[in-house]
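File shown: entry.csv (CSV, C-alpha atoms and all ligand atoms).
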```
chain,number,residue,atom,x,y,z
A,3,MET,CA,32.3,-37.6,25.5
A,4,THR,CA,32.3,-33.8,26.0
A,5,GLU,CA,29.0,-32.1,25.4
A,6,ILE,CA,28.9,-29.5,22.6
A,7,GLN,CA,28.4,-26.0,24.0
A,8,PRO,CA,25.5,-24.2,22.5
A,9,ILE,CA,26.5,-21.1,20.6
A,10,ILE,CA,23.1,-19.5,21.6
A,11,ARG,CA,21.5,-20.3,24.9
A,12,LEU,CA,18.2,-18.7,25.9
A,13,GLU,CA,17.1,-19.5,29.4
A,14,ASN,CA,13.5,-18.8,30.6
A,15,ILE,CA,13.0,-15.7,28.4
A,16,ASP,CA,10.0,-13.5,29.0
A,17,VAL,CA,9.3,-10.4,27.1
A,18,THR,CA,6.4,-8.3,28.2
A,19,PHE,CA,5.4,-5.0,26.5
A,20,GLU,CA,3.8,-2.6,28.9
A,21,GLN,CA,1.3,-0.5,27.1
A,22,LYS,CA,-1.1,2.1,28.4
A,23,LYS,CA,-4.1,-0.1,29.0
A,24,GLN,CA,-2.6,-3.6,28.8
A,25,SER,CA,0.6,-5.5,28.9
A,26,VAL,CA,1.4,-7.9,26.0
A,27,LYS,CA,3.3,-11.0,26.9
A,28,ALA,CA,5.1,-11.5,23.5
A,29,VAL,CA,7.5,-14.2,24.8
A,30,LYS,CA,6.7,-16.6,27.6
A,31,ASN,CA,9.3,-18.6,29.4
A,32,VAL,CA,11.2,-19.7,26.3
A,33,SER,CA,14.4,-21.7,26.7
A,34,LEU,CA,16.3,-22.7,23.6
A,35,ASP,CA,19.7,-24.1,22.9
A,36,ILE,CA,21.2,-23.7,19.4
A,37,LEU,CA,24.4,-25.5,18.6
A,38,PRO,CA,27.2,-24.3,16.4
A,39,GLY,CA,26.5,-25.2,12.7
A,40,ASP,CA,22.7,-25.6,13.3
A,41,ILE,CA,20.2,-24.1,10.9
A,42,TYR,CA,17.5,-23.7,13.4
A,43,GLY,CA,14.1,-23.0,12.0
A,44,ILE,CA,11.6,-21.1,14.2
A,45,VAL,CA,8.1,-21.4,12.7
A,46,GLY,CA,4.9,-19.7,13.7
A,47,TYR,CA,2.1,-17.5,12.5
A,48,SER,CA,2.3,-13.7,12.5
A,49,GLY,CA,2.2,-12.4,16.1
A,50,ALA,CA,3.6,-15.6,17.7
A,51,GLY,CA,6.5,-13.8,19.1
A,52,LYS,CA,9.3,-15.0,16.8
A,53,SER,CA,10.8,-11.6,16.0
A,54,THR,CA,10.7,-10.5,19.6
A,55,LEU,CA,12.4,-13.7,20.7
A,56,VAL,CA,15.2,-13.6,18.2
A,57,ARG,CA,15.8,-9.9,18.9
A,58,THR,CA,16.8,-10.9,22.5
A,59,ILE,CA,19.7,-12.9,21.0
A,60,ASN,CA,21.7,-9.7,20.4
A,61,LEU,CA,19.7,-7.6,23.0
A,62,LEU,CA,18.0,-5.5,20.3
A,63,GLN,CA,15.2,-6.5,22.6
A,64,LYS,CA,16.0,-6.7,26.3
A,65,PRO,CA,14.2,-9.7,27.9
A,66,THR,CA,11.9,-8.8,30.8
A,67,HIS,CA,13.2,-11.9,32.5
A,68,GLY,CA,15.7,-14.6,31.6
A,69,ASN,CA,19.3,-15.2,30.5
A,70,VAL,CA,20.9,-14.7,27.1
A,71,VAL,CA,24.2,-16.6,26.7
A,72,ILE,CA,26.2,-16.4,23.5
A,73,ASN,CA,29.2,-18.6,23.3
A,74,GLY,CA,29.3,-18.9,27.0
A,75,THR,CA,29.1,-15.1,27.6
A,76,TYR,CA,26.1,-13.7,29.4
A,77,LEU,CA,24.6,-10.8,27.5
A,78,ALA,CA,21.7,-10.7,29.9
A,79,LYS,CA,21.3,-12.3,33.3
A,80,THR,CA,18.2,-11.5,35.3
A,81,THR,CA,18.1,-14.3,37.8
A,82,ASP,CA,17.8,-13.5,41.5
A,83,ASN,CA,15.6,-10.5,40.5
A,84,LYS,CA,18.8,-8.7,39.7
A,85,GLU,CA,19.2,-7.2,36.3
A,86,ASN,CA,22.6,-7.7,34.8
A,87,TYR,CA,23.5,-6.7,31.3
A,88,ILE,CA,26.8,-6.9,29.6
A,89,ALA,CA,28.7,-3.6,29.4
A,90,SER,CA,27.8,-1.7,26.2
A,91,LYS,CA,31.4,-1.8,24.8
A,92,GLU,CA,31.5,-5.6,25.1
A,93,LEU,CA,27.9,-5.8,23.8
A,94,ARG,CA,29.1,-4.0,20.6
A,95,GLN,CA,31.8,-6.7,20.2
A,96,GLN,CA,29.4,-9.5,20.8
A,97,ARG,CA,26.9,-8.0,18.3
A,98,LYS,CA,29.5,-8.2,15.5
A,99,LYS,CA,29.3,-11.9,15.8
A,100,ILE,CA,25.6,-11.8,15.1
A,101,GLY,CA,24.4,-10.7,11.6
A,102,MET,CA,20.8,-10.1,10.7
A,103,ILE,CA,18.7,-10.1,7.5
A,104,PHE,CA,15.1,-9.0,7.1
A,105,GLN,CA,12.1,-9.3,4.9
A,106,HIS,CA,12.5,-5.8,3.4
A,107,PHE,CA,16.3,-5.9,3.1
A,108,ASN,CA,16.8,-2.6,4.9
A,109,LEU,CA,19.4,-1.3,2.3
A,110,MET,CA,20.3,2.3,2.0
A,111,ASN,CA,18.9,3.3,-1.3
A,112,GLU,CA,21.0,6.4,-2.0
A,113,ARG,CA,24.2,4.3,-1.6
A,114,THR,CA,25.8,1.8,-3.9
A,115,VAL,CA,26.0,-1.9,-3.3
A,116,ALA,CA,29.6,-1.6,-2.2
A,117,GLU,CA,28.8,1.2,0.2
A,118,ASN,CA,26.0,-0.8,1.7
A,119,VAL,CA,28.1,-3.9,2.1
A,120,LEU,CA,31.0,-2.0,3.7
A,121,PHE,CA,28.8,0.1,6.0
A,122,PRO,CA,29.1,-2.3,9.1
A,123,ILE,CA,32.9,-2.1,8.9
A,124,SER,CA,33.3,1.6,8.1
A,125,HIS,CA,35.0,2.0,11.4
A,126,LEU,CA,37.9,-0.1,10.1
A,127,LYS,CA,40.5,2.1,8.4
A,128,LEU,CA,40.8,0.2,5.2
A,129,SER,CA,42.7,1.4,2.2
A,130,LYS,CA,40.9,1.9,-1.1
A,131,SER,CA,42.2,-1.4,-2.5
A,132,GLN,CA,41.5,-3.3,0.8
A,133,ARG,CA,37.9,-2.0,0.6
A,134,LYS,CA,37.6,-3.1,-3.0
A,135,ASP,CA,39.0,-6.6,-2.2
A,136,LYS,CA,36.6,-6.9,0.7
A,137,VAL,CA,33.6,-6.0,-1.4
A,138,ASN,CA,34.6,-8.3,-4.2
A,139,GLU,CA,35.2,-11.1,-1.8
A,140,LEU,CA,31.8,-10.6,-0.1
A,141,LEU,CA,29.9,-10.2,-3.4
A,142,GLU,CA,31.6,-13.2,-4.8
A,143,LEU,CA,30.4,-15.2,-1.8
A,144,VAL,CA,26.8,-14.2,-2.4
A,145,GLY,CA,26.9,-14.7,-6.2
A,146,LEU,CA,26.7,-11.0,-7.0
A,147,ALA,CA,30.1,-10.1,-8.4
A,148,ASN,CA,30.3,-7.1,-10.7
A,149,ARG,CA,27.3,-5.3,-9.1
A,150,ALA,CA,29.4,-3.3,-6.6
A,151,ASN,CA,28.5,0.0,-8.2
A,152,ALA,CA,24.8,-0.6,-8.8
A,153,TYR,CA,22.2,1.1,-6.6
A,154,PRO,CA,19.6,-1.0,-4.8
A,155,SER,CA,16.8,0.3,-7.1
A,156,GLN,CA,18.6,-1.4,-10.0
A,157,LEU,CA,18.4,-4.8,-8.4
A,158,SER,CA,15.8,-7.5,-8.2
A,159,GLY,CA,14.4,-8.6,-4.8
A,160,GLY,CA,16.6,-11.6,-4.7
A,161,GLN,CA,19.7,-9.5,-5.6
A,162,LYS,CA,18.8,-7.0,-2.8
A,163,GLN,CA,18.7,-9.8,-0.3
A,164,ARG,CA,22.1,-11.0,-1.5
A,165,VAL,CA,23.5,-7.6,-0.8
A,166,ALA,CA,21.9,-7.6,2.6
A,167,ILE,CA,23.5,-11.0,3.3
A,168,ALA,CA,26.9,-9.7,2.1
A,169,ARG,CA,26.5,-6.7,4.4
A,170,ALA,CA,25.6,-9.0,7.3
A,171,LEU,CA,28.7,-11.1,6.6
A,172,ALA,CA,31.1,-8.1,6.5
A,173,SER,CA,31.9,-8.2,10.2
A,174,GLU,CA,32.5,-12.0,9.9
A,175,PRO,CA,29.7,-13.1,12.2
A,176,GLU,CA,29.4,-16.6,13.6
A,177,ILE,CA,25.6,-16.4,13.7
A,178,LEU,CA,23.1,-15.2,11.1
A,179,ILE,CA,19.6,-14.4,12.1
A,180,SER,CA,17.2,-14.4,9.1
A,181,ASP,CA,13.9,-12.9,10.1
A,182,GLU,CA,11.4,-13.7,7.3
A,183,ALA,CA,14.2,-12.9,4.8
A,184,THR,CA,12.4,-14.8,2.0
A,185,SER,CA,8.9,-13.8,2.7
A,186,ALA,CA,8.8,-11.0,0.1
A,187,LEU,CA,10.3,-13.2,-2.6
A,188,ASP,CA,8.8,-15.5,-5.2
A,189,PRO,CA,9.2,-19.3,-4.7
A,190,LYS,CA,12.1,-19.6,-7.2
A,191,THR,CA,14.1,-16.7,-5.7
A,192,THR,CA,13.2,-17.9,-2.2
A,193,ASN,CA,14.8,-21.2,-3.1
A,194,SER,CA,18.0,-19.6,-4.4
A,195,ILE,CA,18.4,-17.6,-1.3
A,196,LEU,CA,17.8,-20.6,0.9
A,197,GLN,CA,20.5,-22.5,-1.0
A,198,LEU,CA,22.8,-19.6,-0.5
A,199,LEU,CA,22.2,-19.7,3.2
A,200,LYS,CA,22.9,-23.5,3.2
A,201,LYS,CA,26.1,-22.9,1.3
A,202,LEU,CA,27.2,-20.3,3.9
A,203,ASN,CA,26.3,-22.7,6.6
A,204,ILE,CA,28.5,-25.4,5.1
A,205,GLU,CA,31.4,-23.3,3.8
A,206,LEU,CA,31.7,-20.8,6.7
A,207,GLY,CA,30.3,-22.9,9.4
A,208,LEU,CA,27.7,-20.2,10.0
A,209,THR,CA,25.0,-20.9,12.5
A,210,ILE,CA,21.7,-19.8,11.2
A,211,VAL,CA,18.5,-18.9,13.0
A,212,LEU,CA,15.7,-19.0,10.3
A,213,ILE,CA,12.5,-17.3,11.3
A,214,THR,CA,9.6,-17.9,9.0
A,215,HIS,CA,5.9,-18.5,8.8
A,216,GLU,CA,6.6,-20.8,5.8
A,217,MET,CA,7.4,-24.4,6.7
A,218,GLN,CA,8.5,-25.0,3.2
A,219,ALA,CA,11.5,-22.7,3.7
A,220,VAL,CA,12.5,-24.5,6.9
A,221,LYS,CA,12.1,-27.9,5.3
A,222,GLU,CA,14.6,-27.0,2.5
A,223,ILE,CA,17.5,-26.3,4.8
A,224,ALA,CA,16.9,-26.5,8.5
A,225,ASN,CA,18.2,-29.4,10.7
A,226,LYS,CA,16.1,-28.4,13.7
A,227,ILE,CA,12.7,-26.8,14.2
A,228,ALA,CA,10.8,-25.0,16.9
A,229,VAL,CA,7.1,-24.2,16.5
A,230,MET,CA,6.0,-21.0,18.3
A,231,GLU,CA,2.4,-20.1,19.2
A,232,ASP,CA,1.3,-17.3,21.4
A,233,GLY,CA,4.7,-16.5,22.8
A,234,GLU,CA,5.6,-20.1,23.6
A,235,ILE,CA,7.6,-22.8,21.9
A,236,ILE,CA,5.0,-25.6,21.7
A,237,GLU,CA,7.1,-28.2,20.0
A,238,ARG,CA,10.7,-28.7,18.9
A,239,GLY,CA,12.9,-31.4,17.5
A,240,SER,CA,15.0,-32.4,14.5
A,241,LEU,CA,13.5,-31.8,11.1
A,242,LEU,CA,12.9,-35.5,10.8
A,243,GLU,CA,11.3,-35.8,14.2
A,244,ILE,CA,9.0,-32.9,13.5
A,245,PHE,CA,8.0,-34.1,10.0
A,246,THR,CA,7.5,-37.8,10.9
A,247,ALA,CA,6.0,-37.5,14.3
A,248,PRO,CA,4.5,-34.1,15.0
A,249,GLN,CA,2.7,-33.9,18.3
A,250,LYS,CA,0.7,-30.7,18.1
A,251,GLN,CA,-2.1,-29.8,15.7
A,252,LEU,CA,-0.5,-26.5,14.7
A,253,THR,CA,2.7,-28.4,13.8
A,254,ARG,CA,0.7,-30.7,11.6
A,255,ASP,CA,-1.0,-27.8,9.9
A,256,PHE,CA,2.4,-26.3,9.1
A,257,ILE,CA,3.7,-29.5,7.8
A,258,ASP,CA,0.6,-30.0,5.5
A,259,THR,CA,1.4,-26.6,3.9
A,260,ALA,CA,4.9,-27.9,3.1
A,261,THR,CA,4.0,-31.3,1.5
A,262,ASN,CA,1.5,-31.9,-1.2
A,263,LEU,CA,-0.3,-34.6,0.9
A,264,GLU,CA,-3.2,-32.2,1.6
A,265,ASP,CA,-3.8,-31.7,-2.0
A,266,GLY,CA,-3.3,-35.4,-2.8
A,267,LEU,CA,-5.9,-36.4,-0.1
A,268,ARG,CA,-8.5,-34.0,-1.4
A,269,LYS,CA,-8.1,-35.3,-5.0
A,270,VAL,CA,-8.1,-38.9,-3.9
A,271,LYS,CA,-11.1,-38.6,-1.6
A,272,SER,CA,-13.3,-37.4,-4.5
A,273,GLN,CA,-12.5,-40.5,-6.5
A,274,THR,CA,-15.3,-43.1,-7.0
A,275,ALA,CA,-13.0,-45.9,-5.7
A,276,ILE,CA,-13.1,-44.1,-2.3
A,277,LYS,CA,-16.7,-43.0,-2.4
A,278,ASN,CA,-17.8,-46.6,-3.2
A,279,LEU,CA,-15.4,-48.3,-0.9
A,280,GLN,CA,-16.9,-51.7,0.1
A,281,ALA,CA,-16.2,-53.6,3.4
A,282,PRO,CA,-13.8,-55.2,4.2
A,283,ASP,CA,-11.7,-53.0,2.0
A,284,ILE,CA,-10.0,-50.1,3.8
A,285,PHE,CA,-8.5,-46.8,2.7
A,286,VAL,CA,-5.2,-46.2,4.5
A,287,GLN,CA,-2.5,-43.7,4.8
A,288,LEU,CA,0.9,-45.3,5.2
A,289,SER,CA,3.8,-43.1,6.4
A,290,TYR,CA,7.4,-44.1,6.8
A,291,ALA,CA,10.8,-42.7,7.4
A,292,GLY,CA,14.1,-44.3,6.7
A,293,ALA,CA,14.9,-47.6,5.3
A,294,SER,CA,11.4,-48.9,4.5
A,295,THR,CA,10.4,-48.1,1.0
A,296,ASP,CA,7.0,-48.5,-0.7
A,297,GLN,CA,7.8,-51.2,-3.2
A,298,PRO,CA,8.9,-54.1,-0.9
A,299,LEU,CA,6.1,-53.1,1.4
A,300,ILE,CA,3.4,-53.5,-1.2
A,301,THR,CA,5.0,-56.7,-2.6
A,302,SER,CA,5.0,-58.3,0.8
A,303,LEU,CA,1.4,-57.4,1.4
A,304,PHE,CA,0.5,-59.5,-1.5
A,305,LYS,CA,3.1,-62.3,-1.1
A,306,ASP,CA,2.7,-62.8,2.7
A,307,PHE,CA,-1.0,-61.8,3.2
A,308,ASN,CA,-2.7,-62.0,-0.1
A,309,VAL,CA,-3.7,-58.4,0.3
A,310,THR,CA,-3.6,-56.1,-2.7
A,311,ALA,CA,-2.8,-52.5,-2.6
A,312,ASN,CA,-4.3,-50.0,-5.0
A,313,VAL,CA,-2.0,-47.0,-4.6
A,314,LEU,CA,-3.9,-43.8,-5.4
A,315,PHE,CA,-1.2,-41.3,-4.3
A,316,GLY,CA,2.4,-41.5,-3.3
A,317,ASN,CA,5.0,-38.9,-2.2
A,318,VAL,CA,8.6,-39.5,-1.2
A,319,GLU,CA,10.9,-36.7,0.0
A,320,ILE,CA,14.4,-36.7,1.2
A,321,LEU,CA,14.7,-34.9,4.6
A,322,GLN,CA,18.2,-34.7,6.1
A,323,GLU,CA,19.3,-37.5,3.7
A,324,THR,CA,16.4,-39.7,4.9
A,325,PRO,CA,13.6,-40.8,2.6
A,326,VAL,CA,10.2,-39.9,4.1
A,327,GLY,CA,7.3,-41.3,2.3
A,328,THR,CA,3.5,-41.3,2.3
A,329,LEU,CA,1.2,-43.6,0.4
A,330,LEU,CA,-2.6,-43.4,0.1
A,331,ALA,CA,-4.0,-46.8,-0.9
A,332,ILE,CA,-7.0,-49.0,-0.8
A,333,LEU,CA,-6.1,-52.4,0.7
A,334,SER,CA,-8.3,-55.3,-0.4
A,335,GLY,CA,-8.4,-58.9,0.9
A,336,LYS,CA,-10.1,-61.1,3.4
A,337,ASP,CA,-10.8,-59.4,6.7
A,338,THR,CA,-8.4,-61.6,8.7
A,339,ASP,CA,-5.7,-61.2,6.1
A,340,LEU,CA,-6.1,-57.4,6.3
A,341,THR,CA,-5.7,-57.4,10.1
A,342,ALA,CA,-2.6,-59.5,9.9
A,343,ALA,CA,-1.2,-57.3,7.1
A,344,ILE,CA,-1.8,-54.1,9.0
A,345,ASN,CA,-0.1,-55.6,12.1
A,346,SER,CA,2.9,-56.6,10.1
A,347,ILE,CA,3.2,-53.2,8.5
A,348,LYS,CA,3.1,-51.5,11.9
A,349,LYS,CA,6.0,-53.7,13.0
A,350,GLN,CA,8.1,-52.4,10.1
A,351,ASN,CA,7.9,-48.9,11.6
A,352,VAL,CA,5.3,-47.7,9.2
A,353,LYS,CA,2.6,-45.6,10.6
A,354,VAL,CA,-0.9,-46.8,9.5
A,355,GLU,CA,-3.9,-44.5,9.6
A,356,ILE,CA,-7.2,-45.9,8.4
A,357,LEU,CA,-9.0,-43.1,6.7
A,358,LYS,CA,-12.1,-45.0,5.6
A,359,GLY,CA,-13.5,-48.4,6.4
A,360,GLU,CA,-12.6,-50.5,9.4
A,361,LEU,CA,-10.9,-53.7,10.3
A,362,ALA,CA,-13.2,-56.5,11.3
A,401,LIG,N1,7.5,-3.0,20.5
A,401,LIG,C1,6.3,-3.6,20.7
A,401,LIG,N2,5.4,-3.0,21.6
A,401,LIG,C2,4.3,-3.6,21.9
A,401,LIG,N3,3.9,-4.8,21.4
A,401,LIG,C3,4.8,-5.4,20.6
A,401,LIG,C4,6.0,-4.9,20.2
A,401,LIG,N4,6.7,-5.7,19.4
A,401,LIG,C5,5.8,-6.8,19.2
A,401,LIG,N5,4.7,-6.6,20.0
A,401,LIG,C6,3.6,-7.6,20.1
A,401,LIG,O1,4.2,-8.8,20.5
A,401,LIG,C7,3.6,-9.9,19.9
A,401,LIG,C8,4.6,-10.7,19.1
A,401,LIG,O2,5.1,-10.0,18.0
A,401,LIG,P1,6.3,-10.5,17.1
A,401,LIG,O3,7.4,-10.9,17.9
A,401,LIG,O4,6.5,-9.4,16.1
A,401,LIG,O5,5.7,-11.7,16.4
A,401,LIG,P2,6.1,-12.5,15.0
A,401,LIG,O6,7.4,-12.1,14.7
A,401,LIG,O7,6.0,-13.9,15.4
A,401,LIG,O8,5.1,-12.1,14.0
A,401,LIG,C9,2.5,-9.3,19.0
A,401,LIG,O9,1.3,-9.4,19.7
A,401,LIG,C10,3.0,-7.9,18.8
A,401,LIG,O10,1.9,-7.1,18.5
A,402,MG,MG,8.1,-11.2,12.9
```
Let me see the file written as structure tokens.
Amino acid sequence: MTEIQPIIRLENIDVTFEQKKQSVKAVKNVSLDILPGDIYGIVGYSGAGKSTLVRTINLLQKPTHGNVVINGTYLAKTTDNKENYIASKELRQQRKKIGMIFQHFNLMNERTVAENVLFPISHLKLSKSQRKDKVNELLELVGLANRANAYPSQLSGGQKQRVAIARALASEPEILISDEATSALDPKTTNSILQLLKKLNIELGLTIVLITHEMQAVKEIANKIAVMEDGEIIERGSLLEIFTAPQKQLTRDFIDTATNLEDGLRKVKSQTAIKNLQAPDIFVQLSYAGASTDQPLITSLFKDFNVTANVLFGNVEILQETPVGTLLAILSGKDTDLTAAINSIKKQNVKVEILKGELA
């Protein structure tokens, strides 16, 4: 089996900003492979180094150290203490393959939608009808047909971002970098833009790097996630791996913001059934991904172990076509039965956390 070549390969990237009194290490030894067709989410709080890192992909930011390889071509190679950068003419060619969209759209307000969209390809000598066709094609793609002659001030935030996406696609890139592109939008508009990105990923085979501080955005469309903190990638994996088995506390914090478990827990914990929990009853959180589903699980608890489950909260989501579920429940039964039931549940690849009470 031949290995798939990454479309973006970052090797041991450092970016250090030298300032008068101090130097800021914005990116520290980050290596990252992104495969063609990935929607790769990079999540982290403000200041984590996300923007600086992704700006090295098209050398808008030169790495202090490390290699940037796009489709097998080295844009930067700083190994052996020798700085090597691609020639500027070739860099311009490479940059055409990498589109970018931003939080504040960066449109030219005194120009029409059509002029904004065509700006990146203004060097091409297109006839009037070719220009018109190109604009129509791009606006059609982003769901904004018939607005070619509008000015940005006449558009909503979501429409402005669609124009920015059309502009980013004008030079037919293979990669789209989205740096907080939905952060200024309301949740409904955010979702429509994310669905547009997903459509472009599927229909054009566009590889997308999705930078955000909102795990919710990543959860909607990404297939892979890296979590950044203080210039480093502290955790990475498939969407499913990250959501079902996060290793780092920061990752868990981000996940909690993207599920309603946090809210569910708070409400459930204040219920009298939990406050007055009597031994040997236990209050548990059951988490599962994939084939196991809640109903057979609960039925078997009773049938096989004589343990009853009082479900206080349940949440099932579909991540990458896989059901991922969480149940908060009080399990009641004889202490030996409870222990046997918990052991059996664990064997079915269900994660069991006892939130209150204990097994005998
Ligand atoms: N041009 C710059 N000069 C000096 N420091 C910078 C510059 N750009 C970013 N930084 C610093 O680098 C760190 C990472 O910033 P940034 O990459 O913008 O993070 P994020 O996008 O995750 O919010 C921050 O401490 C920021 O202040
Ligand atoms: Mg940023």
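What separates CA of Leu61 in chain A from atom C4 of ligand LIG 401 (chain A) is a distance of 14.2 Å.
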Would you list the residues that come within 7 Å of ligand LIG 401 (chain A)? Count all atoms listed in the file and give the answer as a PDB file with C-alpha atoms, keeping the file's coordinate frame.
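Saved to pocket09.pdb:
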```pdb
ATOM      1  CA  PHE A  19       5.400  -5.000  26.500  1.00  0.00           C
ATOM      2  CA  GLN A  21       1.300  -0.500  27.100  1.00  0.00           C
ATOM      3  CA  VAL A  26       1.400  -7.900  26.000  1.00  0.00           C
ATOM      4  CA  LYS A  27       3.300 -11.000  26.900  1.00  0.00           C
ATOM      5  CA  ALA A  28       5.100 -11.500  23.500  1.00  0.00           C
ATOM      6  CA  GLY A  46       4.900 -19.700  13.700  1.00  0.00           C
ATOM      7  CA  TYR A  47       2.100 -17.500  12.500  1.00  0.00           C
ATOM      8  CA  SER A  48       2.300 -13.700  12.500  1.00  0.00           C
ATOM      9  CA  GLY A  49       2.200 -12.400  16.100  1.00  0.00           C
ATOM     10  CA  ALA A  50       3.600 -15.600  17.700  1.00  0.00           C
ATOM     11  CA  GLY A  51       6.500 -13.800  19.100  1.00  0.00           C
ATOM     12  CA  LYS A  52       9.300 -15.000  16.800  1.00  0.00           C
ATOM     13  CA  SER A  53      10.800 -11.600  16.000  1.00  0.00           C
ATOM     14  CA  THR A  54      10.700 -10.500  19.600  1.00  0.00           C
ATOM     15  CA  LEU A  55      12.400 -13.700  20.700  1.00  0.00           C
ATOM     16  CA  GLY A 233       4.700 -16.500  22.800  1.00  0.00           C
TER      17      GLY A 233
END
```
Excluding Val137 in chain A and any residue of its chain fewer than 3 positions from it, enumerate the residues within 10 Å of it, using only C-alpha atoms, and give them as a PDB file with C-alpha atoms, in the coordinates of the input.
```pdb
ATOM      1  CA  VAL A 115      26.000  -1.900  -3.300  1.00  0.00           C
ATOM      2  CA  ALA A 116      29.600  -1.600  -2.200  1.00  0.00           C
ATOM      3  CA  GLU A 117      28.800   1.200   0.200  1.00  0.00           C
ATOM      4  CA  ASN A 118      26.000  -0.800   1.700  1.00  0.00           C
ATOM      5  CA  VAL A 119      28.100  -3.900   2.100  1.00  0.00           C
ATOM      6  CA  LEU A 120      31.000  -2.000   3.700  1.00  0.00           C
ATOM      7  CA  SER A 131      42.200  -1.400  -2.500  1.00  0.00           C
ATOM      8  CA  GLN A 132      41.500  -3.300   0.800  1.00  0.00           C
ATOM      9  CA  ARG A 133      37.900  -2.000   0.600  1.00  0.00           C
ATOM     10  CA  LYS A 134      37.600  -3.100  -3.000  1.00  0.00           C
ATOM     11  CA  LEU A 140      31.800 -10.600  -0.100  1.00  0.00           C
ATOM     12  CA  LEU A 141      29.900 -10.200  -3.400  1.00  0.00           C
ATOM     13  CA  GLU A 142      31.600 -13.200  -4.800  1.00  0.00           C
ATOM     14  CA  LEU A 143      30.400 -15.200  -1.800  1.00  0.00           C
ATOM     15  CA  ALA A 147      30.100 -10.100  -8.400  1.00  0.00           C
ATOM     16  CA  ASN A 148      30.300  -7.100 -10.700  1.00  0.00           C
ATOM     17  CA  ARG A 149      27.300  -5.300  -9.100  1.00  0.00           C
ATOM     18  CA  ALA A 150      29.400  -3.300  -6.600  1.00  0.00           C
ATOM     19  CA  ALA A 168      26.900  -9.700   2.100  1.00  0.00           C
ATOM     20  CA  ARG A 169      26.500  -6.700   4.400  1.00  0.00           C
ATOM     21  CA  ALA A 172      31.100  -8.100   6.500  1.00  0.00           C
TER      22      ALA A 172
END
```
Quiz item: Quick one, how far is CA of Ile320 in chain A from CA of Leu37 in chain A?
Solution: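 These two atoms are separated by 23.0 Å.
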Practice problem: Grab the CA of Asn138 in chain A to CA of Val165 in chain A distance for me, in Å with one decimal place. | Solution: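 Straight-line distance from CA of Asn138 in chain A to CA of Val165 in chain A works out to 11.6 Å.
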Residues within 10 Å of Ala170 in chain A, please, as a PDB file with C-alpha atoms, in the coordinates of the input. Count only C-alpha atoms; anything in the same chain fewer than 2 positions from it doesn't count.
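File written: part_12.pdb
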```pdb
ATOM      1  CA  LYS A  98      29.500  -8.200  15.500  1.00  0.00           C
ATOM      2  CA  LYS A  99      29.300 -11.900  15.800  1.00  0.00           C
ATOM      3  CA  ILE A 100      25.600 -11.800  15.100  1.00  0.00           C
ATOM      4  CA  GLY A 101      24.400 -10.700  11.600  1.00  0.00           C
ATOM      5  CA  MET A 102      20.800 -10.100  10.700  1.00  0.00           C
ATOM      6  CA  ILE A 103      18.700 -10.100   7.500  1.00  0.00           C
ATOM      7  CA  ASN A 118      26.000  -0.800   1.700  1.00  0.00           C
ATOM      8  CA  VAL A 119      28.100  -3.900   2.100  1.00  0.00           C
ATOM      9  CA  LEU A 120      31.000  -2.000   3.700  1.00  0.00           C
ATOM     10  CA  PHE A 121      28.800   0.100   6.000  1.00  0.00           C
ATOM     11  CA  PRO A 122      29.100  -2.300   9.100  1.00  0.00           C
ATOM     12  CA  LEU A 140      31.800 -10.600  -0.100  1.00  0.00           C
ATOM     13  CA  ARG A 164      22.100 -11.000  -1.500  1.00  0.00           C
ATOM     14  CA  VAL A 165      23.500  -7.600  -0.800  1.00  0.00           C
ATOM     15  CA  ALA A 166      21.900  -7.600   2.600  1.00  0.00           C
ATOM     16  CA  ILE A 167      23.500 -11.000   3.300  1.00  0.00           C
ATOM     17  CA  ALA A 168      26.900  -9.700   2.100  1.00  0.00           C
ATOM     18  CA  ALA A 172      31.100  -8.100   6.500  1.00  0.00           C
ATOM     19  CA  SER A 173      31.900  -8.200  10.200  1.00  0.00           C
ATOM     20  CA  GLU A 174      32.500 -12.000   9.900  1.00  0.00           C
ATOM     21  CA  PRO A 175      29.700 -13.100  12.200  1.00  0.00           C
ATOM     22  CA  ILE A 177      25.600 -16.400  13.700  1.00  0.00           C
ATOM     23  CA  LEU A 178      23.100 -15.200  11.100  1.00  0.00           C
ATOM     24  CA  ILE A 179      19.600 -14.400  12.100  1.00  0.00           C
TER      25      ILE A 179
END
```
Selection near range 321-326 of chain A, 9 Å with all atoms listed in the file, sequence-local residues under 6 positions removed, as a PDB file with C-alpha atoms, in the coordinates of the input:
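Produced file around.pdb, reproduced below:
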```
ATOM      1  CA  LYS A 221      12.100 -27.900   5.300  1.00  0.00           C
ATOM      2  CA  GLU A 222      14.600 -27.000   2.500  1.00  0.00           C
ATOM      3  CA  ILE A 223      17.500 -26.300   4.800  1.00  0.00           C
ATOM      4  CA  ALA A 224      16.900 -26.500   8.500  1.00  0.00           C
ATOM      5  CA  ASN A 225      18.200 -29.400  10.700  1.00  0.00           C
ATOM      6  CA  LEU A 241      13.500 -31.800  11.100  1.00  0.00           C
ATOM      7  CA  LEU A 242      12.900 -35.500  10.800  1.00  0.00           C
ATOM      8  CA  PHE A 245       8.000 -34.100  10.000  1.00  0.00           C
ATOM      9  CA  THR A 246       7.500 -37.800  10.900  1.00  0.00           C
ATOM     10  CA  SER A 289       3.800 -43.100   6.400  1.00  0.00           C
ATOM     11  CA  TYR A 290       7.400 -44.100   6.800  1.00  0.00           C
ATOM     12  CA  ALA A 291      10.800 -42.700   7.400  1.00  0.00           C
ATOM     13  CA  GLY A 292      14.100 -44.300   6.700  1.00  0.00           C
ATOM     14  CA  ALA A 293      14.900 -47.600   5.300  1.00  0.00           C
ATOM     15  CA  SER A 294      11.400 -48.900   4.500  1.00  0.00           C
ATOM     16  CA  THR A 295      10.400 -48.100   1.000  1.00  0.00           C
TER      17      THR A 295
END
```
